[in-house]
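Structure below is my_file.cif: mmCIF, C-alpha atoms.
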data_data
#
loop_
_atom_site.label_atom_id
_atom_site.label_comp_id
_atom_site.auth_asym_id
_atom_site.auth_seq_id
_atom_site.Cartn_x
_atom_site.Cartn_y
_atom_site.Cartn_z
CA MET A 3 -30.50 -50.24 94.78
CA ARG A 4 -29.46 -51.99 91.64
CA PHE A 5 -28.13 -50.11 88.55
CA ARG A 6 -29.06 -51.00 85.05
CA PRO A 7 -26.20 -52.40 82.95
CA SER A 8 -26.56 -49.59 80.36
CA TYR A 9 -25.88 -46.96 83.03
CA VAL A 10 -22.76 -48.78 84.07
CA VAL A 11 -21.44 -48.80 80.49
CA VAL A 12 -22.04 -45.08 80.04
CA ALA A 13 -20.33 -44.30 83.35
CA VAL A 14 -17.26 -46.32 82.33
CA ILE A 15 -16.98 -44.52 78.96
CA VAL A 16 -17.24 -41.09 80.58
CA ALA A 17 -14.60 -42.00 83.15
CA ALA A 18 -12.26 -43.22 80.42
CA ILE A 19 -12.61 -40.01 78.41
CA PHE A 20 -11.98 -37.92 81.52
CA ALA A 21 -8.89 -39.94 82.37
CA TYR A 22 -7.55 -39.53 78.78
CA LEU A 23 -7.93 -35.79 78.94
CA LEU A 24 -6.04 -35.69 82.24
CA VAL A 25 -3.19 -37.90 81.03
CA ARG A 26 -2.80 -36.41 77.43
CA PRO A 27 -0.84 -33.28 78.41
CA LEU A 28 1.51 -35.34 80.55
CA LEU A 29 2.36 -37.56 77.58
CA GLY A 30 2.98 -34.57 75.21
CA LEU A 31 0.50 -35.82 72.61
CA GLY A 32 -1.16 -32.42 72.15
CA ASP A 33 2.17 -30.64 71.64
CA LYS A 34 3.25 -33.06 68.91
CA ALA A 35 0.01 -32.64 66.98
CA ALA A 36 0.22 -28.85 67.26
CA GLN A 37 3.85 -28.91 66.17
CA ALA A 38 2.98 -31.04 63.15
CA GLN A 39 0.24 -28.63 62.17
CA ALA A 40 2.56 -25.67 62.64
CA LYS A 41 5.27 -27.31 60.51
CA ALA A 42 2.77 -28.07 57.75
CA ALA A 43 1.51 -24.49 57.81
CA ALA A 44 5.05 -23.13 57.73
CA ALA A 45 5.98 -25.39 54.83
CA SER A 46 2.89 -24.30 52.95
CA ALA A 47 3.58 -20.61 53.58
CA GLY A 48 7.22 -20.87 52.50
CA ALA A 49 6.76 -22.79 49.20
CA LEU A 50 8.31 -20.99 46.16
CA PRO A 51 6.12 -20.45 43.09
CA LEU A 52 6.77 -22.82 40.20
CA VAL A 53 7.38 -21.48 36.67
CA GLN A 54 8.30 -23.15 33.40
CA VAL A 55 11.23 -21.83 31.42
CA SER A 56 12.70 -22.37 27.99
CA ASP A 57 16.46 -22.20 27.52
CA THR A 58 16.66 -19.69 24.67
CA PRO A 59 20.01 -19.35 22.88
CA GLU A 60 21.29 -16.13 21.39
CA ALA A 61 21.42 -16.22 17.58
CA ARG A 62 22.44 -13.98 14.70
CA HIS A 63 19.43 -12.63 12.85
CA ASP A 64 18.79 -10.30 9.95
CA TYR A 65 17.19 -7.19 11.39
CA THR A 66 14.28 -5.84 9.37
CA VAL A 67 12.05 -2.80 9.64
CA ALA A 68 8.49 -3.75 8.71
CA PHE A 69 5.64 -1.39 7.96
CA ARG A 70 2.44 -1.14 5.96
CA GLY A 71 2.80 0.86 2.74
CA ARG A 72 1.26 1.44 -0.66
CA THR A 73 2.45 1.54 -4.24
CA GLN A 74 2.74 4.87 -6.00
CA ALA A 75 3.75 6.06 -9.45
CA ALA A 76 7.34 7.27 -9.62
CA ARG A 77 6.16 10.32 -11.57
CA THR A 78 2.76 11.85 -12.23
CA VAL A 79 2.78 14.65 -14.81
CA VAL A 80 -0.05 16.71 -16.28
CA VAL A 81 0.90 17.18 -19.96
CA ARG A 82 -0.05 20.71 -21.00
CA SER A 83 -0.24 22.58 -24.30
CA GLU A 84 2.48 25.14 -25.03
CA THR A 85 0.50 26.92 -27.73
CA ALA A 86 -3.12 27.71 -28.55
CA GLY A 87 -5.25 25.68 -30.92
CA VAL A 88 -8.09 23.26 -31.47
CA VAL A 89 -7.43 19.54 -30.88
CA ALA A 90 -7.49 17.90 -34.31
CA ALA A 91 -6.47 14.38 -33.24
CA ALA A 92 -6.41 12.33 -30.02
CA PRO A 93 -4.74 9.10 -31.15
CA ILE A 94 -4.05 7.47 -27.75
CA LEU A 95 -6.73 5.97 -25.52
CA GLN A 96 -6.38 6.59 -21.81
CA GLY A 97 -4.92 3.69 -19.86
CA ARG A 98 -2.50 2.71 -22.64
CA PHE A 99 1.24 2.34 -22.19
CA VAL A 100 3.15 4.74 -24.47
CA ARG A 101 6.78 5.48 -25.22
CA ALA A 102 8.46 8.82 -24.72
CA GLY A 103 7.65 11.19 -27.61
CA THR A 104 4.32 9.56 -28.52
CA VAL A 105 1.74 12.15 -29.67
CA LEU A 106 -1.09 12.39 -27.14
CA CYS A 107 -2.94 15.38 -28.63
CA ARG A 108 -2.40 17.05 -32.02
CA LEU A 109 -3.61 20.62 -32.54
CA ALA A 110 -4.81 21.94 -35.87
CA VAL A 111 -1.95 23.41 -37.90
CA ASP A 112 -4.07 26.32 -39.18
CA ALA A 113 -1.85 29.08 -40.63
CA ARG A 114 1.32 27.88 -38.89
CA ALA A 115 2.59 26.03 -41.98
CA ALA A 116 2.00 29.08 -44.19
CA ALA A 117 3.74 31.31 -41.65
CA LEU A 118 6.71 28.94 -41.68
CA ASP A 119 6.94 29.11 -45.49
CA GLU A 120 6.84 32.90 -45.25
CA MET A 121 9.67 32.94 -42.71
CA ARG A 122 11.80 30.70 -44.94
CA ALA A 123 11.29 32.99 -47.93
CA ASN A 124 12.13 36.04 -45.84
CA LEU A 125 15.32 34.37 -44.63
CA GLU A 126 16.41 33.62 -48.21
CA ALA A 127 15.80 37.26 -49.17
CA LYS A 128 17.90 38.47 -46.23
CA LYS A 129 20.70 36.09 -47.23
CA LEU A 130 20.76 37.47 -50.80
CA LYS A 131 20.71 41.03 -49.52
CA MET A 132 23.58 40.27 -47.15
CA GLN A 133 25.64 38.72 -49.95
CA ALA A 134 25.08 41.78 -52.17
CA SER A 135 25.91 44.13 -49.30
CA ALA A 136 29.14 42.29 -48.58
CA SER A 137 30.12 42.40 -52.27
CA LEU A 138 29.50 46.15 -52.49
CA ALA A 139 31.38 46.76 -49.27
CA SER A 140 34.40 44.87 -50.58
CA ARG A 141 34.60 47.34 -53.53
CA GLY A 142 34.04 50.36 -51.31
CA PHE A 143 30.49 51.09 -52.43
CA ARG A 144 28.80 50.29 -49.11
CA SER A 145 29.64 51.43 -45.60
CA LYS A 146 30.53 49.11 -42.76
CA THR A 147 27.48 50.30 -40.81
CA GLN A 148 25.14 49.28 -43.63
CA VAL A 149 26.78 45.85 -43.77
CA LEU A 150 26.27 45.38 -40.03
CA THR A 151 22.62 46.42 -40.37
CA ASP A 152 22.06 43.88 -43.14
CA GLN A 153 23.71 41.18 -40.99
CA ALA A 154 21.39 42.03 -38.09
CA ASP A 155 18.37 41.72 -40.40
CA LEU A 156 19.60 38.29 -41.51
CA ASP A 157 20.02 37.12 -37.90
CA ALA A 158 16.53 38.35 -37.02
CA ALA A 159 15.02 36.49 -39.97
CA SER A 160 16.82 33.31 -38.91
CA ALA A 161 15.49 33.66 -35.34
CA THR A 162 11.96 34.27 -36.61
CA LEU A 163 12.16 31.10 -38.71
CA ARG A 164 13.24 29.06 -35.68
CA GLN A 165 10.30 30.44 -33.71
CA ALA A 166 7.92 29.42 -36.49
CA GLN A 167 9.45 25.93 -36.55
CA VAL A 168 9.01 25.58 -32.77
CA ALA A 169 5.41 26.83 -33.01
CA LEU A 170 4.67 24.19 -35.63
CA ARG A 171 6.23 21.42 -33.52
CA GLN A 172 4.16 22.52 -30.52
CA VAL A 173 0.94 21.43 -32.23
CA ASN A 174 2.06 17.91 -31.25
CA ILE A 175 1.63 17.43 -27.49
CA VAL A 176 3.82 14.41 -26.69
CA ALA A 177 4.52 12.05 -23.78
CA PRO A 178 7.51 13.36 -21.78
CA PHE A 179 8.55 9.82 -20.72
CA ALA A 180 7.56 6.20 -21.16
CA GLY A 181 4.56 5.35 -19.03
CA VAL A 182 0.79 5.05 -18.87
CA PHE A 183 -1.46 7.73 -20.36
CA ASP A 184 -3.70 7.54 -17.32
CA HIS A 185 -6.30 10.23 -18.02
CA ARG A 186 -7.36 12.31 -21.03
CA ASP A 187 -8.56 15.89 -20.48
CA ALA A 188 -8.99 17.06 -24.10
CA GLU A 189 -10.93 15.41 -26.90
CA VAL A 190 -11.07 16.24 -30.62
CA GLY A 191 -12.59 19.70 -31.02
CA THR A 192 -11.46 20.98 -27.62
CA TYR A 193 -9.79 24.38 -27.73
CA LEU A 194 -6.60 24.49 -25.70
CA ALA A 195 -4.98 27.69 -24.56
CA PRO A 196 -1.31 27.67 -23.55
CA GLY A 197 -1.01 25.82 -20.22
CA GLN A 198 -4.22 23.82 -20.52
CA SER A 199 -4.10 20.03 -20.06
CA CYS A 200 -4.19 17.35 -22.72
CA GLY A 201 -4.00 14.56 -20.11
CA THR A 202 -2.03 12.92 -17.29
CA MET A 203 0.98 10.61 -17.61
CA ILE A 204 2.18 8.29 -14.83
CA GLU A 205 5.45 6.37 -14.65
CA LEU A 206 5.10 2.87 -13.18
CA ASP A 207 8.55 1.45 -13.94
CA PRO A 208 10.23 1.87 -11.59
CA LEU A 209 7.39 1.72 -9.08
CA LEU A 210 7.49 3.48 -5.73
CA VAL A 211 6.40 1.80 -2.50
CA VAL A 212 5.90 4.43 0.18
CA GLY A 213 4.97 4.32 3.84
CA ASP A 214 5.51 5.88 7.24
CA VAL A 215 7.74 4.42 9.96
CA PRO A 216 7.83 5.35 13.67
CA GLU A 217 10.66 7.31 15.21
CA THR A 218 11.98 4.15 16.87
CA ASP A 219 12.74 2.58 13.47
CA VAL A 220 13.74 5.44 11.17
CA GLY A 221 17.31 5.47 12.49
CA LYS A 222 17.78 1.85 11.33
CA ILE A 223 16.99 2.64 7.67
CA ARG A 224 19.72 3.59 5.21
CA VAL A 225 19.34 4.87 1.65
CA GLY A 226 20.30 2.03 -0.70
CA ALA A 227 19.26 -0.73 1.71
CA GLY A 228 17.53 -3.74 0.17
CA ALA A 229 13.78 -4.07 0.59
CA THR A 230 10.87 -6.32 -0.37
CA ALA A 231 7.19 -5.51 -0.72
CA LYS A 232 4.41 -8.10 -0.67
CA LEU A 233 1.40 -6.79 -2.61
CA VAL A 234 -2.23 -7.67 -1.92
CA SER A 235 -2.10 -9.98 -4.94
CA GLY A 236 0.58 -12.05 -3.19
CA GLU A 237 3.30 -10.92 -5.60
CA VAL A 238 6.58 -9.99 -3.96
CA ILE A 239 8.73 -7.30 -5.58
CA GLY A 240 12.23 -6.31 -4.58
CA GLY A 241 13.84 -2.90 -4.55
CA ARG A 242 15.99 -0.45 -2.64
CA VAL A 243 15.39 2.50 -0.35
CA ARG A 244 15.72 5.75 -2.29
CA PHE A 245 14.54 8.18 0.39
CA ALA A 246 14.12 8.28 4.17
CA ALA A 247 12.79 11.50 5.64
CA HIS A 248 14.73 13.36 8.31
CA ASP A 249 11.76 15.50 9.33
CA ALA A 250 8.74 13.88 11.01
CA ASP A 251 5.14 14.49 10.07
CA PRO A 252 3.99 16.99 12.73
CA THR A 253 0.66 15.20 13.20
CA THR A 254 1.64 11.52 13.32
CA ARG A 255 5.32 11.85 14.34
CA THR A 256 6.23 9.33 11.66
CA TYR A 257 8.80 9.48 8.87
CA ARG A 258 8.15 8.92 5.17
CA VAL A 259 10.18 6.19 3.46
CA GLU A 260 10.27 5.49 -0.29
CA VAL A 261 11.40 2.26 -1.96
CA THR A 262 11.94 1.92 -5.72
CA ALA A 263 11.17 -1.44 -7.32
CA ALA A 264 11.29 -2.73 -10.89
CA ASN A 265 7.82 -3.13 -12.41
CA ARG A 266 8.27 -4.54 -15.91
CA GLY A 267 5.45 -3.53 -18.20
CA GLY A 268 3.64 -1.76 -15.38
CA ARG A 269 2.18 -5.02 -14.00
CA ALA A 270 1.52 -3.55 -10.56
CA ALA A 271 -0.77 -0.55 -10.38
CA SER A 272 -0.42 2.55 -8.26
CA GLY A 273 -2.31 2.62 -4.96
CA LEU A 274 -2.00 -1.06 -3.94
CA SER A 275 -1.47 -1.95 -0.28
CA ALA A 276 1.86 -3.60 0.49
CA ASP A 277 3.71 -5.15 3.43
CA VAL A 278 7.22 -3.71 3.28
CA ARG A 279 10.37 -5.10 4.89
CA ILE A 280 13.66 -3.23 4.81
CA GLY A 281 16.96 -4.85 5.74
CA ALA A 282 18.59 -3.14 8.72
CA GLY A 283 21.70 -5.25 9.24
CA VAL A 284 22.52 -8.38 11.27
CA GLY A 285 22.63 -8.60 15.05
CA ALA A 286 22.00 -10.67 18.16
CA ALA A 287 18.42 -11.85 18.69
CA HIS A 288 16.34 -14.46 20.51
CA PHE A 289 13.39 -16.48 19.22
CA VAL A 290 10.55 -16.84 21.76
CA PRO A 291 6.82 -17.66 21.80
CA VAL A 292 4.69 -14.55 21.42
CA SER A 293 2.91 -15.51 24.67
CA THR A 294 6.08 -14.74 26.66
CA LEU A 295 5.73 -11.01 25.96
CA VAL A 296 4.44 -9.09 29.00
CA LEU A 297 4.26 -5.49 30.21
CA ASP A 298 6.08 -4.22 33.28
CA ALA A 299 4.72 -1.66 35.74
CA ALA A 300 5.88 1.16 33.46
CA GLY A 301 4.02 -0.28 30.47
CA ARG A 302 7.17 -1.43 28.65
CA GLN A 303 6.98 -4.57 26.54
CA GLY A 304 9.44 -7.28 27.47
CA VAL A 305 9.97 -10.80 28.81
CA ARG A 306 10.57 -12.21 32.27
CA TYR A 307 13.43 -14.64 32.74
CA VAL A 308 15.09 -16.53 35.57
CA GLY A 309 18.53 -15.27 36.49
CA PRO A 310 21.20 -16.55 38.90
CA GLY A 311 19.84 -17.93 42.17
CA GLY A 312 16.41 -18.55 40.69
CA VAL A 313 15.50 -14.84 40.84
CA VAL A 314 13.03 -13.39 38.33
CA ALA A 315 14.21 -10.46 36.18
CA PHE A 316 12.57 -8.36 33.45
CA ALA A 317 14.15 -7.25 30.16
CA PRO A 318 12.51 -4.72 27.81
CA VAL A 319 12.65 -6.04 24.24
CA THR A 320 11.94 -4.95 20.69
CA VAL A 321 10.07 -7.24 18.31
CA LEU A 322 12.16 -7.62 15.16
CA GLU A 323 10.06 -10.08 13.19
CA GLU A 324 6.88 -12.09 13.67
CA THR A 325 6.45 -15.64 12.37
CA ALA A 326 3.71 -18.24 12.65
CA ARG A 327 5.35 -19.91 15.67
CA GLY A 328 7.00 -17.07 17.52
CA VAL A 329 8.81 -13.75 17.39
CA TRP A 330 12.39 -12.62 17.00
CA ILE A 331 13.29 -10.09 19.69
CA SER A 332 16.29 -7.98 20.66
CA GLY A 333 17.14 -6.81 24.16
CA LEU A 334 18.34 -10.04 25.79
CA HIS A 335 22.01 -10.91 26.19
CA GLY A 336 23.46 -14.38 25.82
CA ASP A 337 21.60 -17.62 26.44
CA THR A 338 18.55 -16.83 28.59
CA ARG A 339 16.05 -18.89 30.62
CA VAL A 340 12.87 -17.20 29.43
CA ILE A 341 9.74 -17.87 31.51
CA THR A 342 7.12 -19.42 29.24
CA VAL A 343 4.48 -20.44 31.82
CA GLY A 344 3.67 -18.38 34.89
CA GLN A 345 5.33 -15.15 33.73
CA SER A 346 2.21 -13.14 34.54
CA TYR A 347 2.10 -14.35 38.16
CA VAL A 348 5.61 -13.51 39.30
CA SER A 349 7.46 -10.24 39.65
CA GLU A 350 11.03 -8.97 39.40
CA GLY A 351 13.24 -9.96 42.33
CA GLN A 352 11.06 -12.89 43.35
CA ARG A 353 12.64 -16.33 43.83
CA VAL A 354 10.99 -19.21 42.00
CA ARG A 355 11.23 -22.92 41.41
CA VAL A 356 11.99 -23.85 37.81
CA ALA A 357 10.65 -26.52 35.50
CA THR A 358 12.24 -26.75 32.08
CA GLY A 359 9.92 -26.88 29.08
CA PRO A 360 10.52 -27.54 25.38
CA GLY A 361 12.30 -24.84 23.43
CA LEU A 362 11.53 -23.48 19.98
CA ALA A 363 13.55 -24.12 16.87
CA ALA A 364 14.80 -20.71 15.81
CA GLY A 365 12.70 -19.27 13.06
CA ALA A 366 10.42 -22.27 12.88
#
Can the structure in the file be given as structure tokens, please?
Amino acid sequence: MRFRPSYVVVAVIVAAIFAYLLVRPLLGLGDKAAQAQAKAAAASAGALPLVQVSDTPEARHDYTVAFRGRTQAARTVVVRSETAGVVAAAPILQGRFVRAGTVLCRLAVDARAAALDEMRANLEAKKLKMQASASLASRGFRSKTQVLTDQADLDAASATLRQAQVALRQVNIVAPFAGVFDHRDAEVGTYLAPGQSCGTMIELDPLLVVGDVPETDVGKIRVGAGATAKLVSGEVIGGRVRFAAHDADPTTRTYRVEVTAANRGGRAASGLSADVRIGAGVGAAHFVPVSTLVLDAAGRQGVRYVGPGGVVAFAPVTVLEETARGVWISGLHGDTRVITVGQSYVSEGQRVRVATGPGLAAGA
């Protein structure tokens, strides 16, 4: 029987494959391929993660405490009447700047002037009587007791005159200090009893800038420290700390801080928002991109850096100042290789491969 050529070809190919499979183990070809695969897998499994770092030098930096505050009048006083009467004149419009002693409300004099004239006349009469009494006593015609009685009458008349003079002056209700007559409470024709308000005065020079700082910052603030406040208008005013509370607000656990600043002519009003910065000394700091800040497992803010041996470490930090290109932080020591790329994908104690990236110019 004759075989077709195609069958012969197929039989030869099958025999060759069978022979290869028998010979392959003897030649060690399968072991080499498996070893190569195993080595590749081992190399892949053992590769260290790659991070980018920035060599960040330690620098001296002015520490500042920053907080959001508001302007406030240094003094706010309700100016009240000391005597009773009807307002006869109200010469100052509310909102005007006035000097100390300026009349804000003038009460009607009524009978006060006549009473003053009467007291003056009575005092003159008592003086004449006292002179006559002293003359008689010197000649033995008047007793010492009578002389003392006449002297007491003279002193009483003098005191009554002074009271009448004070009562007449009190018809003028005046500004107790230089400032803005911010609000009028009494108009012409208003009857004021003692203690009732003519209006409200506020002192805007110096101006107060007040705010609340957290407990982590209050210990850095000293009375007399220099400060600046940037108002919503863009104007920056300088001043000094006059008060830092030692007792926290029970609700917010923050501490009140007051800064006094010159405010010539009362340019800045009370109640404006302000960004306040208070100098807190000079110390070591590092300038890093804001993106390097991460949180550890405990929720603390910090940065990850590469230490000796390529091991990742974490350092809790405090942000001292923010700029357009980065932040000044404290908490690192010496020159540090801060991780700038990959910091969120590695953990403390892990070894890494390092690629060096560009650094930041301090304070840029």
- Message: I need the residue nearest A:Glu260 from this list: A:Thr218, A:Gln74, A:Ser140, A:Thr325. Use all atoms listed in the file for the distance.
- Response: A:Gln74
- Task: Can you give me, as a list in words, the residues this file yields under the PyMOL selection byres ((chain A and resi 162) around 12)?
- Result: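 The output of the PyMOL selection byres ((chain A and resi 162) around 12) on this file is Ala117, Leu118, Asp119, Glu120, Met121, Arg122, Ala123, Asn124, Leu125, Asp155, Leu156, Asp157, Ala158, Ala159, Ser160, Ala161, Leu163, Arg164, Gln165, Ala166, Gln167, Val168 and Ala169 of chain A.
The spacing separating atom CA of A:Pro178 from atom CA of A:Arg244 amounts to 22.5 Å.
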- the PyMOL selection byres ((chain A and resi 307) around 12) on the file shown: which residues, as number ranges by chain? A: 53-58, 290, 294-296, 304-306, 308-318, 334-335, 337-346, 348-354, 356
- Message: Let me make sure I understand: among A:Arg108, A:Arg141, A:Arg114, A:His288, which one has the smallest atom-to-atom distance to A:Arg62 if we use only C-alpha atoms?
- Response: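 Residue with the minimum atom-to-atom distance to A:Arg62: A:His288.
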- Task: Determine the residue set returned by the PyMOL selection byres ((chain A and resi 105) around 8) for the present structure, and present it as a ChimeraX atom specification.
- Result: /A:93-94,103-104,106-108,174-177
- Point-to-point distance from atom CA of A:Gly228 to atom CA of A:Val243, Å rounded to tenths: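 Distance reported for this atom pair: 6.6 Å.
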- Item | Pick from A:Arg72, A:His185, A:Arg327, A:Arg98, whichever lies nearest to A:Val259 using all atoms listed in the file |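 For A:Val259, the nearest of the given residues is A:Arg72.
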- Give me, please, the distance in Å between atom CA of A:Gly213 and atom CA of A:Arg269, quoted to one decimal. 20.3 Å
